[in-house]
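K.L.:
I am attaching a structure below and will ask some questions about it afterwards.
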Amino acid sequence: MYKAEIKVMLKPGVLDPQGKAVAGGLSSMGYNQVESVRVGKYIEVFLRADSQADAERQVAEMTHRLLANPVIETYQYTLVPVESEEVS
Amino acid sequence: MYKAEIKVMLKPGVLDPQGKAVAGGLSSMGYNQVESVRVGKYIEVFLRADSQADAERQVAEMTHRLLANPVIETYQYTLVPVESEEVS
Amino acid sequence: MKEPTLTEIKENRLWRSMGLSDEEYQKICETLQREPNYTELGMYAVLWSEHCAYKHTRPFFKLFPTSGERILQGPGENAGIVDIGDGWAVVFKVESHNHPSAIEPYEGAATGVGGILRDIFTMGARPIACLNSLRFGELANDRVKHLVKGVVSGIAGYGNAVGVPTVGGEVYFDQGYAGNPLVNVMAVGLVRHEQITKAVASGVGNPVMVVGSYTGRDGIHGATFASEELTEESEERRPAVQVGDPFTEKLLIEACLELISSGVVVGIQDMGAAGLTSSACEMASRSGSGIEMDISLVPRREAGMTPYEVMLSESQERMLVVPKDGSEEQVKAIFAKYGLPAVVVGRVTDDGMIRIYDGEKLVAEVPAKSLSTDGAPVYLREGKRPAYLDEAHSFDPEILPLKSDYTADLLKLLESPTIASKEWIYRQYDHMVQLNTVVPPGPADAAVLRVKGTTKGIAVTIDGNGRQVYLDPYQGAMAVVAEAARNLICCGAEPIGLTDGLNFGNPERPEVYWQLEQAIKGLADAARFLGIPVTGGNASLYNESSGEAIYPTPIVGMVGLLEDISTRLTSSFKEVGDVIALLGWPGSELGGSEYLKLVNPIPVGKPPRVDLAREKALQKVMLEAAGERLLKSAHDISEGGLAVCVAESCLQGGLGAEIELPWEGRPDALLFAESGARIVVSLKGENWARLQQIASESGVPLTRLGQVQGSEIQFRHTGVEHPLITVSVRQAKDVWKMALEKALLAERG
Amino acid sequence: MKIGIVVYPGSNCDRDCQHVLADVLGLDAELIWHDRTDLAKYDALILPGGFSYGDYLRSGAIARFSPVTESVISAAQKGVPVLGICNGFQVLLEAGLLPGAMLVNDSLHFRCHSQYVRVERDHTPFTYGIEPGTVLEMPVAHGEGNYYLDPVDLAELEEKGQVIFRYVDAEGRATPEANPNGSVNNIAGICNEQGNVVGLMPHPERASEAILGSADGLKVFQALIKFWEAGQ
Ligand SMILES: Nc1ncnc2c1ncn2[C@@H]1O[C@H](COP(=O)(O)OP(=O)(O)O)[C@@H](O)[C@H]1O
Ligand SMILES: [Mg+2]
């Protein structure tokens, strides 16, 4: 079993209304040293695969096709083999 | 300047409707080896701080107070010093 | 980024990549008496794009009837305004967001809603309702499902958050839109006469202020992009996709309305397509003045933006305001309350020039008028009747086999996503916020909103029928106006104004140009005959992919008035035993119908002929009957014909109907023809005589069809023993209610 | 009686609540912009629906830190009746005035439609005098109304009678089909231990005039009037 940890973020330059609102919230809470905030998604995918390479291929593909929206988002992922995971 | 990368996830026992839907979507796209998916948030906070320890303290506090809801969520963060960032 | 020099522009003919022709470039040089620099070229390119300049449609606009007793503002402003009495007026407009929605359905649709709302509140009106008109390919395709889900959530995501109810719309699924979906959104606002505000920059010396969101590199050249065909590369045109921020829009609405009621505003204009360039130039050219501004003062989200980028940015949720001189601090204070920046960036001048500085440096200087629609080129072309028409018209429905039972056909129609219940869609829209929605989406041909503090109601609808326009653009377009009007009168409302959305292919092709010309004439003739002024509209051309144009799709948004909202009607049957009748003329023209689509996906046949005199007489009768409260329900006959119309009235009310068709002819034509000038009504038997009297005074036929009954829908044909259709309400409802959701969620393979 | 309606940036049912309280019921109802902290003159507070701060991050999360929220918390602790409707309910959860949290609807979609809700208890200012078991028709309109509380605390909440409204069908049965969003135990509304703070997802203000389809929601506001008149 493999666990992919995928971070999906808006591309630089794309307006991030969430990040803006959170930054505003933090500053009104008194965190005046916050310069900026970006909010994205964090996705964990547990999958079976024959090899690390196979898992890698699957994750790259599904991220590009479904998990991220390549028109406005970028992504990064890491992949680690795991013992059978508690599946929720 | 410091950059905090914060991952916020639903607690293990809390049902994740989004994760369930994404898993369903992936399996209908033919990714039959996906066991489970969890969807959370990935937040980047850029902040000024006097020291790593100061940054650490701020991030821990703002995450606990605002960025995650301890009733349903858990979080992890990493903190790295960065050169002045392009602020968006 | 460094901007190209004059030589680089010329050597590489950079205007071409901005969508300007060589002749247009020449015309700019002549106007300026010199070569434009890169920023100036960009400004001309966006404002002379089809989207902003209406180069192909403008010559036709004079055909539209635009005046009337109620008209407070016709075409030319951000939105039209119609008086509804008691000091109130309704502001409304439609806008397309087809190209952005094809690339990124959620954000494309969301920013479409945001844009049309700004057109409304910039006039001083509080937005009170949104509608949308959508076209997609057939749902069997996964890409289409993705588009549908994205567009619907985008509309919901934006509209729900800003607190403006989405109260109606229409959706068609047809192969003709497979490569190029249509997303048209309409917004409606309510304003006190004294609050009406215009987008003019008058008063030399008055400050010019940028308010709202920060400016980033979003959607540079979006207007140009909207004026091109979709290609593989457009998928790569990332910057043209903007992300909407409904939260900021909500604050902007409140701030602008508060500002306008404070009385210090001279003019205000939203920054839509072509951003700062279009707002500055339009405000100046409307009042014959000029504007001078320093764009280094514009609040920015990103570092290092060039003048070109600042002038062309289409960042959302921004406005340009010209307040009275001396009131700058008051403006700032109002926006500060809502956490929004408001910055003086320039002044109104009297020389008619748009003069842009970046700090000390003059970066652009062009006559405002030359940028505006008055200065932009106009193209009159030679149209050509498309060759497909003869073949399509030659289809004769008589060749279809006759059947003794049409139950299966009715069920197939009820199951087709175009006709099936749209509940899956409007359930995602907050259609109740603001507490005005008296008739919500679903149970009637239009939505009805109350005007608090009065007895009045406003009915709103949006309609189009690309299949019929494809078969005959002139007749088809007239039919669209007639249908929109019928939808309103079926609710008991008198039509008082319309806005149109022209969705067509590439007008440089003679066949498309012909469709455009014919359709506009059809819209204009119908509007004039029915006495419904056109207060504005929108054109979206170049809707093509892989060389295929969409069906020509003019859509009409229409607003109606009920002086007494308690006379409103819905389409559902209300009580067993009520008489069901047809008000209007029997019809049996199957051309272009959804029924024919069951056998032939491409539209065929001659579409129904529109008889405007009949439509007008029918309207009169219907309004009188509604006013006298003679009716229990009214529903106009459109897609799916009489059979679907009756079935819908049954399914909405959970009751059945017993119908006997008294006319001669092919049963399928009697059941499924989509001929106009027909309304199915239900009423108490005791009101029959009076209804008949009203109808005959106007020469409108009234035909008894049957009555409302318990749990079965049955159609008979006079003289034929076997019923044409027998189906339980329960079965029909299951099919109709779930069809859209099922089709959308169906897995592949 | 003077009622304050808290307006956060992004609230959008504030004027609707004011319309019902002032125009329909003839009460004195004022809007309170979120930067105000002086709430002493209000006899009851309403946190209306909408999208405070865009509901970015989590519904109600940022509004919890608006200046006015601290004052709402102290008023609540003093026993002032506080009603959170929809987004207002979400703010009360984030503020810790009510237990639990909201997840996205199990359908993942925003849902807006009419809904039946059963009143479970009448010991709060907003259900005072309404017979438990009464079924009200009040619309829902939300994307994150899937109420969650861990099983142990949930048992306690039920035990202490803090569940005030439940999603039901027309016959008053709390079935899974009648649950629009996946909330645990079909919970539509709850109160705090003292009973003065109530939050619910359905919109009583949208069901307060017959012309809009239902006037059942008016009972919730009338309960407050009765409660006040009874000097409770
Ligand atoms: N995209 C949409 N958005 C909101 N409401 C919609 C949409 N499409 C259809 N509706 C609503 O669904 C109902 C039925 O629409 P439609 O099938 O076009 O009816 P009809 O053919 O009777 O005009 C109407 O109330 C309409 O406003
Ligand atoms: Mg229709």
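Letters A, B, ... mark the chains of the structure tokens in the order given; residue numbers begin at 1 per chain; ligand numbers begin at 1, in order shown.
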Could I get the residue neighbourhood of ligand 1 at 8 Å, counting only C-alpha atoms and all ligand atoms, as a PyMOL selection string?
P.N.:
chain C and resi 131-134+152+166-171+418-423+425-426+429+440-447+461-463+487+635-639+645+648
K.L.:
Tell me, as a ChimeraX atom specification, which residues lie within 8 Å of segment 71-83 of chain A, counting only C-alpha atoms; anything in the same chain fewer than 4 positions away does not count.
P.N.:
/A:1-11,14,52,55-56,63 /C:103-104,235-236,238,241
K.L.:
Find the nearest atom pair between each residue of chain A and chain C for residues within 12 Å, count only C-alpha atoms, give distances in Å to one decimal, sort rows by chain and ascending number, and present the table as a Markdown table.
P.N.:
```
| residue | atom | partner | partner_atom | distance |
| --- | --- | --- | --- | --- |
| A:Leu10 | CA | C:Val243 | CA | 10.0 |
| A:Lys11 | CA | C:Arg238 | CA | 9.9 |
| A:Pro12 | CA | C:Glu302 | CA | 9.8 |
| A:Gly13 | CA | C:Arg217 | CA | 6.7 |
| A:Val14 | CA | C:Asp218 | CA | 7.0 |
| A:Leu15 | CA | C:Val243 | CA | 6.0 |
| A:Asp16 | CA | C:Val243 | CA | 7.6 |
| A:Pro17 | CA | C:Asp245 | CA | 5.7 |
| A:Gln18 | CA | C:Asp245 | CA | 8.6 |
| A:Gly19 | CA | C:Asp245 | CA | 11.1 |
| A:Lys20 | CA | C:Asp245 | CA | 9.9 |
| A:Ala21 | CA | C:Phe247 | CA | 8.9 |
| A:Gly24 | CA | C:Gly339 | CA | 9.5 |
| A:Gly25 | CA | C:Gly339 | CA | 11.7 |
| A:Ser28 | CA | C:Gly339 | CA | 11.5 |
| A:Ser36 | CA | C:Arg301 | CA | 11.1 |
| A:Arg65 | CA | C:Arg143 | CA | 11.7 |
| A:Leu66 | CA | C:His146 | CA | 10.6 |
| A:Asn69 | CA | C:Glu104 | CA | 8.6 |
| A:Pro70 | CA | C:Arg238 | CA | 9.2 |
| A:Val71 | CA | C:Arg238 | CA | 6.0 |
| A:Ile72 | CA | C:Arg238 | CA | 7.1 |
| A:Glu73 | CA | C:Arg238 | CA | 10.2 |
```
K.L.:
Please report the interatomic distance between atom CA of Cys130 of chain C and atom CA of Ile679 of chain C in Å with one decimal.
P.N.:
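Taking atom CA of Cys130 of chain C as the start and atom CA of Ile679 of chain C as the end point, the length is 25.9 Å.
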K.L.:
Write out as number ranges by chain which residues come within 8 Å of segment 431-437 of chain C when counting only C-alpha atoms, dropping same-chain ones fewer than 4 positions away.
P.N.:
C: 128, 163-167, 426, 441, 447-452; D: 12-13, 15-16, 112, 206, 212
K.L.:
For Glu94 of chain D, work out the shell of residues within 8 Å, counting only C-alpha atoms and skipping chain neighbours fewer than 5 positions away, then give it as a list in words.
P.N.:
Asn69 of chain B; Gly60, Ala61, Arg64 and Ala101 of chain D
K.L.:
Would you list, as a PyMOL selection string, the residues of segment 105-279 of chain C that end up in strand (DSSP E or B) under DSSP run on this structure's backbone?
P.N.:
chain C and resi 126-136+166-173+182-192+207-212+215+230+265-270
K.L.:
Pull out every residue of chain D that has at least one atom within 10 Å of chain A, counting only C-alpha atoms, and report them as a count of residues only.
P.N.:
13
K.L.:
Can you check which residues of chain A have any atom within 7 Å of chain B? Use only C-alpha atoms and format it as a VMD selection string.
P.N.:
chain A and resid 7 13 33 to 49 87 to 88
K.L.:
Which residue is closest to ligand 2? Choose from C:Leu630, C:Ala647, C:Ile155, C:Ala479 and count only C-alpha atoms and all ligand atoms.
P.N.:
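Under the stated criterion, the closest residue is C:Ala479.
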K.L.:
Looking only at alpha helix (DSSP H) from DSSP on the backbone, list the matching residues of chain B as a list in words.
P.N.:
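Residues of chain B classed as alpha helix (DSSP H): Pro17, Gln18, Gly19, Lys20, Ala21, Val22, Ala23, Gly24, Gly25, Leu26, Ser27, Ser28, Gln52, Ala53, Asp54, Ala55, Glu56, Arg57, Gln58, Val59, Ala60, Glu61 and Met62 of chain B.
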K.L.:
Identify which of the residues C:Tyr470, C:Trp663, C:Tyr158, C:Phe61 lies closest to chain D, counting only C-alpha atoms when measuring atom-to-atom distances.
P.N.:
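Closest to chain D, using only C-alpha atoms: C:Tyr158.
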K.L.:
Leaving out Met283 of chain C and any residue of its chain fewer than 6 positions from it, which residues lie within 9 Å of it when counting only C-alpha atoms, given as a list of chain:residue names?
P.N.:
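The contact residues come out as C:Lys198, C:Ala199, C:Val200, C:Ala201, C:Ser202, C:Gly267, C:Ile268, C:Gln269, C:Ser289, C:Gly290, C:Ile291, C:Leu320, C:Ala368.
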K.L.:
Neighbours of Leu402 of chain C within 8 Å (only C-alpha atoms; same-chain residues fewer than 3 positions away dropped), as a PDB file with N, CA and C atoms, in the first residue's frame?
P.N.:
```
ATOM      1  N   ARG C 666     -52.882  14.113 -37.486  1.00  0.00           N
ATOM      2  CA  ARG C 666     -51.983  13.086 -36.941  1.00  0.00           C
ATOM      3  C   ARG C 666     -51.906  13.254 -35.437  1.00  0.00           C
ATOM      4  N   PRO C 667     -52.106  12.173 -34.695  1.00  0.00           N
ATOM      5  CA  PRO C 667     -52.079  12.305 -33.238  1.00  0.00           C
ATOM      6  C   PRO C 667     -50.729  12.799 -32.718  1.00  0.00           C
ATOM      7  N   ASP C 668     -49.623  12.359 -33.348  1.00  0.00           N
ATOM      8  CA  ASP C 668     -48.330  12.804 -32.801  1.00  0.00           C
ATOM      9  C   ASP C 668     -48.171  14.321 -32.946  1.00  0.00           C
TER      10      ASP C 668
END
```
K.L.:
Tell me the residues of chain D close to chain C, meaning within 10 Å using only C-alpha atoms, as a PyMOL selection string.
P.N.:
chain D and resi 9-17+19-20+23+33+35+49-56+109-114+139-143+203+205-213
K.L.:
Between atom CA of Ile694 of chain C and atom CA of Phe715 of chain C, what is the spacing in Å?
P.N.:
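We find that atom CA of Phe715 of chain C and atom CA of Ile694 of chain C lie 27.2 Å from each other.
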